[in-house]
file entry-v8.pdb (PDB, C-alpha atoms)
ATOM      1  CA  MET A 243     -79.348  -4.033 -13.306
ATOM      2  CA  ILE A 244     -81.042  -1.838 -10.701
ATOM      3  CA  SER A 245     -79.626  -3.935  -7.836
ATOM      4  CA  ILE A 246     -76.097  -3.561  -9.258
ATOM      5  CA  ALA A 247     -76.565   0.207  -9.453
ATOM      6  CA  LEU A 248     -77.852   0.257  -5.866
ATOM      7  CA  ILE A 249     -74.902  -1.796  -4.622
ATOM      8  CA  PHE A 250     -72.417   0.418  -6.451
ATOM      9  CA  GLY A 251     -74.158   3.557  -5.204
ATOM     10  CA  SER A 252     -74.162   2.276  -1.621
ATOM     11  CA  TYR A 253     -70.456   1.483  -1.810
ATOM     12  CA  ALA A 254     -69.627   4.888  -3.302
ATOM     13  CA  TYR A 255     -71.633   6.595  -0.551
ATOM     14  CA  TYR A 256     -69.845   4.509   2.108
ATOM     15  CA  GLU A 257     -66.434   5.519   0.710
ATOM     16  CA  TYR A 258     -67.516   9.158   0.502
ATOM     17  CA  GLN A 259     -68.558   9.122   4.176
ATOM     18  CA  LYS A 260     -64.993   8.119   5.164
ATOM     19  CA  LEU A 261     -63.476  11.299   3.698
ATOM     20  CA  ILE A 262     -62.324  13.953   6.159
ATOM     21  CA  PRO A 263     -60.364  17.136   5.429
ATOM     22  CA  ILE A 264     -56.655  16.974   6.225
ATOM     23  CA  GLY A 265     -56.877  20.404   7.810
ATOM     24  CA  TYR A 266     -53.251  21.396   7.202
ATOM     25  CA  GLU A 267     -51.231  22.395   4.186
ATOM     26  CA  GLU A 268     -48.341  20.087   3.443
ATOM     27  CA  GLU A 269     -45.824  22.938   3.753
ATOM     28  CA  SER A 270     -47.060  23.805   7.251
ATOM     29  CA  LEU A 271     -46.261  20.286   8.515
ATOM     30  CA  VAL A 272     -42.816  19.964   6.930
ATOM     31  CA  GLY A 273     -40.150  21.041   9.416
ATOM     32  CA  LEU A 274     -42.120  20.108  12.544
ATOM     33  CA  GLU A 275     -41.195  17.262  14.903
ATOM     34  CA  TYR A 276     -42.571  13.995  13.508
ATOM     35  CA  ASN A 277     -44.282  13.050  16.807
ATOM     36  CA  GLU A 278     -46.181  16.326  16.741
ATOM     37  CA  VAL A 279     -47.325  15.775  13.136
ATOM     38  CA  VAL A 280     -48.465  12.209  13.881
ATOM     39  CA  GLU A 281     -50.457  13.444  16.869
ATOM     40  CA  MET A 282     -52.013  16.282  14.837
ATOM     41  CA  LEU A 283     -53.179  13.861  12.124
ATOM     42  CA  GLU A 284     -54.486  11.325  14.626
ATOM     43  CA  ASN A 285     -56.421  14.058  16.447
ATOM     44  CA  LEU A 286     -58.169  14.850  13.153
ATOM     45  CA  GLY A 287     -59.372  11.233  13.009
ATOM     46  CA  PHE A 288     -56.847   9.495  10.758
ATOM     47  CA  THR A 289     -56.290   5.962  12.031
ATOM     48  CA  TYR A 290     -53.366   4.685   9.923
ATOM     49  CA  VAL A 291     -50.538   7.197  10.381
ATOM     50  CA  ALA A 292     -47.145   5.522   9.951
ATOM     51  CA  THR A 293     -43.626   6.907  10.201
ATOM     52  CA  GLU A 294     -40.562   6.324   8.051
ATOM     53  CA  GLU A 295     -37.144   7.101   9.511
ATOM     54  CA  ILE A 296     -34.230   7.825   7.199
ATOM     55  CA  SER A 297     -30.913   7.646   9.056
ATOM     56  CA  ASP A 298     -28.725   9.836   6.877
ATOM     57  CA  LEU A 299     -27.886  13.046   8.747
ATOM     58  CA  PRO A 300     -24.264  13.729   9.664
ATOM     59  CA  LEU A 301     -23.470  14.850  13.200
ATOM     60  CA  ASP A 302     -23.116  18.507  12.146
ATOM     61  CA  GLU A 303     -26.814  18.551  11.121
ATOM     62  CA  GLU A 304     -28.079  17.453  14.526
ATOM     63  CA  SER A 305     -30.582  20.339  14.546
ATOM     64  CA  LYS A 306     -32.541  18.606  11.744
ATOM     65  CA  VAL A 307     -33.035  15.341  13.661
ATOM     66  CA  ASN A 308     -36.663  14.124  13.833
ATOM     67  CA  LEU A 309     -37.971  16.926  11.614
ATOM     68  CA  VAL A 310     -40.550  16.005   8.975
ATOM     69  CA  THR A 311     -39.313  16.268   5.384
ATOM     70  CA  ASP A 312     -42.230  14.656   3.542
ATOM     71  CA  ILE A 313     -45.760  13.383   4.059
ATOM     72  CA  ARG A 314     -46.954  10.679   1.683
ATOM     73  CA  LEU A 315     -50.573   9.908   0.960
ATOM     74  CA  GLU A 316     -51.257   6.734  -1.026
ATOM     75  CA  GLU A 317     -53.325   8.383  -3.713
ATOM     76  CA  LYS A 318     -52.274  12.037  -3.703
ATOM     77  CA  PRO A 319     -48.860  13.491  -4.603
ATOM     78  CA  SER A 320     -49.486  16.632  -2.541
ATOM     79  CA  PHE A 321     -52.277  18.184  -0.509
ATOM     80  CA  ASP A 322     -53.611  21.352   1.042
ATOM     81  CA  GLU A 323     -55.856  21.985   4.042
ATOM     82  CA  ASP A 324     -59.069  21.384   2.061
ATOM     83  CA  THR A 325     -57.970  18.050   0.599
ATOM     84  CA  LYS A 326     -60.242  15.243   1.759
ATOM     85  CA  TYR A 327     -58.752  11.826   2.443
ATOM     86  CA  ALA A 328     -60.228   8.619   3.814
ATOM     87  CA  TYR A 329     -59.567   8.328   7.530
ATOM     88  CA  ASP A 330     -58.508   4.674   7.210
ATOM     89  CA  LYS A 331     -56.002   5.102   4.348
ATOM     90  CA  ARG A 332     -52.258   5.044   5.030
ATOM     91  CA  ILE A 333     -50.414   8.303   5.669
ATOM     92  CA  VAL A 334     -46.611   8.117   5.984
ATOM     93  CA  VAL A 335     -44.697  10.817   7.862
ATOM     94  CA  VAL A 336     -41.044  10.834   6.713
ATOM     95  CA  TYR A 337     -38.305  12.224   8.959
ATOM     96  CA  HIS A 338     -34.517  12.047   9.177
ATOM     97  CA  SER A 339     -32.219  10.976  12.000
ATOM     98  CA  LEU A 340     -28.480  10.797  12.542
ATOM     99  CA  GLN A 341     -26.599   8.263  10.511
ATOM    100  CA  MET A 342     -24.937   5.408  12.340
ATOM    101  CA  CYS A 343     -21.202   5.728  12.781
ATOM    102  CA  ASN A 344     -18.680   3.092  13.708
ATOM    103  CA  ALA A 345     -17.017   3.325  17.090
ATOM    104  CA  PRO A 346     -13.206   3.398  16.956
TER     105      PRO A 346
END

call {"tool": "encode", "arguments": {"input": "entry-v8.pdb", "output": "C-alpha cells"}}
result
Amino acid sequence: MISIALIFGSYAYYEYQKLIPIGYEEESLVGLEYNEVVEMLENLGFTYVATEEISDLPLDEESKVNLVTDIRLEEKPSFDEDTKYAYDKRIVVVYHSLQMCNAP
C-alpha cells in the first residue's frame, strides 16, 4: 500500500513539475498574427503548439487574414496569464485565411 502511494505521489509530483504559467491572457493573444502567437508560446517553453487554419474569409476581409481568433487548450476552456499548463500538452492556435475561389 505504501509503495502504491509513493508511486502515485511521484507521478503527481512529476506532472506538477511540468506546469508553467501561460503568461498571457487569452484576449491579449486574439487578434495578433498567428506566427507571432506561436513564437510567444514557444518562447515560454511550450513544445506542442499547433496551428489550425480556417479558409473562410471573403476577399473584402483581407485585413483579417492570419489573425488569431481562438486558442484551444486540451483541458481548459479559457485561460488567463496565471493559468498553469503542462509544457508538453497540445495548444492549438486558430486563425482564418481567405477562402478559395474558382478562376473563371

call {"tool": "closest_residue", "arguments": {"input": "entry-v8.pdb", "among": "A:Thr311, A:Ser270, A:Asn285, A:Gln341", "to": "A:Ser297", "atoms": "all atoms listed in the file"}}
result
A:Gln341

call {"tool": "residues_around", "arguments": {"input": "entry-v8.pdb", "residues": "A:Tyr258", "least_positions_apart": "3", "cutoff": "12 Å", "atoms": "only C-alpha atoms", "output": "MDAnalysis selection string"}}
result
chainID A and resid 251:255 261:263 326:329

call {"tool": "residues_near_point", "arguments": {"input": "entry-v8.pdb", "point": "(-44.1, 6.7, 12.1)", "cutoff": "9 Å", "atoms": "all atoms listed in the file", "output": "ChimeraX atom specification"}}
result
/A:276-277,280,291-295,334-337

call {"tool": "write_last_selection", "arguments": {"input": "entry-v8.pdb", "atoms": "C-alpha atoms", "output": "JSON list (two decimals), in the frame of the given file"}}
result
[["chain", "number", "residue", "atom", "x", "y", "z"],
["A", 276, "TYR", "CA", -42.57, 14.00, 13.51],
["A", 277, "ASN", "CA", -44.28, 13.05, 16.81],
["A", 280, "VAL", "CA", -48.46, 12.21, 13.88],
["A", 291, "VAL", "CA", -50.54, 7.20, 10.38],
["A", 292, "ALA", "CA", -47.14, 5.52, 9.95],
["A", 293, "THR", "CA", -43.63, 6.91, 10.20],
["A", 294, "GLU", "CA", -40.56, 6.32, 8.05],
["A", 295, "GLU", "CA", -37.14, 7.10, 9.51],
["A", 334, "VAL", "CA", -46.61, 8.12, 5.98],
["A", 335, "VAL", "CA", -44.70, 10.82, 7.86],
["A", 336, "VAL", "CA", -41.04, 10.83, 6.71],
["A", 337, "TYR", "CA", -38.30, 12.22, 8.96]]

call {"tool": "atom_distance", "arguments": {"input": "entry-v8.pdb", "atom1": "atom CA of A:Lys318", "atom2": "atom CA of A:Glu275"}}
result
22.3 Å

call {"tool": "atom_distance", "arguments": {"input": "entry-v8.pdb", "atom1": "atom CA of A:Glu303", "atom2": "atom CA of A:Glu281"}}
result
24.9 Å

call {"tool": "atom_distance", "arguments": {"input": "entry-v8.pdb", "atom1": "atom CA of A:Gln259", "atom2": "atom CA of A:Asp330"}}
result
11.4 Å

call {"tool": "residues_near_point", "arguments": {"input": "entry-v8.pdb", "point": "(-39.5, 23.7, 9.1)", "cutoff": "12 Å", "atoms": "only C-alpha atoms", "output": "list in words"}}
result
Glu268, Glu269, Ser270, Leu271, Val272, Gly273, Leu274, Glu275, Tyr276, Val279, Ser305, Lys306, Val307, Asn308, Leu309, Val310, Thr311, Asp312 and Tyr337 of chain A

call {"tool": "resolve_selection", "arguments": {"input": "entry-v8.pdb", "expression": "the PyMOL selection byres ((chain A and resi 342) around 9)", "output": "MDAnalysis selection string"}}
result
chainID A and resid 297:300 340:341 343:344

call {"tool": "resolve_selection", "arguments": {"input": "entry-v8.pdb", "expression": "the PyMOL selection byres ((chain A and resi 265) around 9)", "output": "PDB file with C-alpha atoms, in the coordinates of the input"}}
result
ATOM      1  CA  ILE A 262     -62.324  13.953   6.159  1.00  0.00           C
ATOM      2  CA  PRO A 263     -60.364  17.136   5.429  1.00  0.00           C
ATOM      3  CA  ILE A 264     -56.655  16.974   6.225  1.00  0.00           C
ATOM      4  CA  TYR A 266     -53.251  21.396   7.202  1.00  0.00           C
ATOM      5  CA  GLU A 267     -51.231  22.395   4.186  1.00  0.00           C
ATOM      6  CA  LEU A 283     -53.179  13.861  12.124  1.00  0.00           C
ATOM      7  CA  LEU A 286     -58.169  14.850  13.153  1.00  0.00           C
ATOM      8  CA  ASP A 322     -53.611  21.352   1.042  1.00  0.00           C
ATOM      9  CA  GLU A 323     -55.856  21.985   4.042  1.00  0.00           C
ATOM     10  CA  ASP A 324     -59.069  21.384   2.061  1.00  0.00           C
ATOM     11  CA  THR A 325     -57.970  18.050   0.599  1.00  0.00           C
ATOM     12  CA  LYS A 326     -60.242  15.243   1.759  1.00  0.00           C
TER      13      LYS A 326
END

call {"tool": "resolve_selection", "arguments": {"input": "entry-v8.pdb", "expression": "the PyMOL selection byres ((chain A and resi 317) around 10)", "output": "list in words"}}
result
Arg314, Leu315, Glu316, Lys318, Pro319, Ser320, Tyr327, Lys331, Arg332 and Ile333 of chain A

call {"tool": "closest_residue", "arguments": {"input": "entry-v8.pdb", "among": "A:Ala247, A:Asp302, A:Ile313, A:Phe288", "to": "A:Lys260", "atoms": "all atoms listed in the file"}}
result
A:Phe288
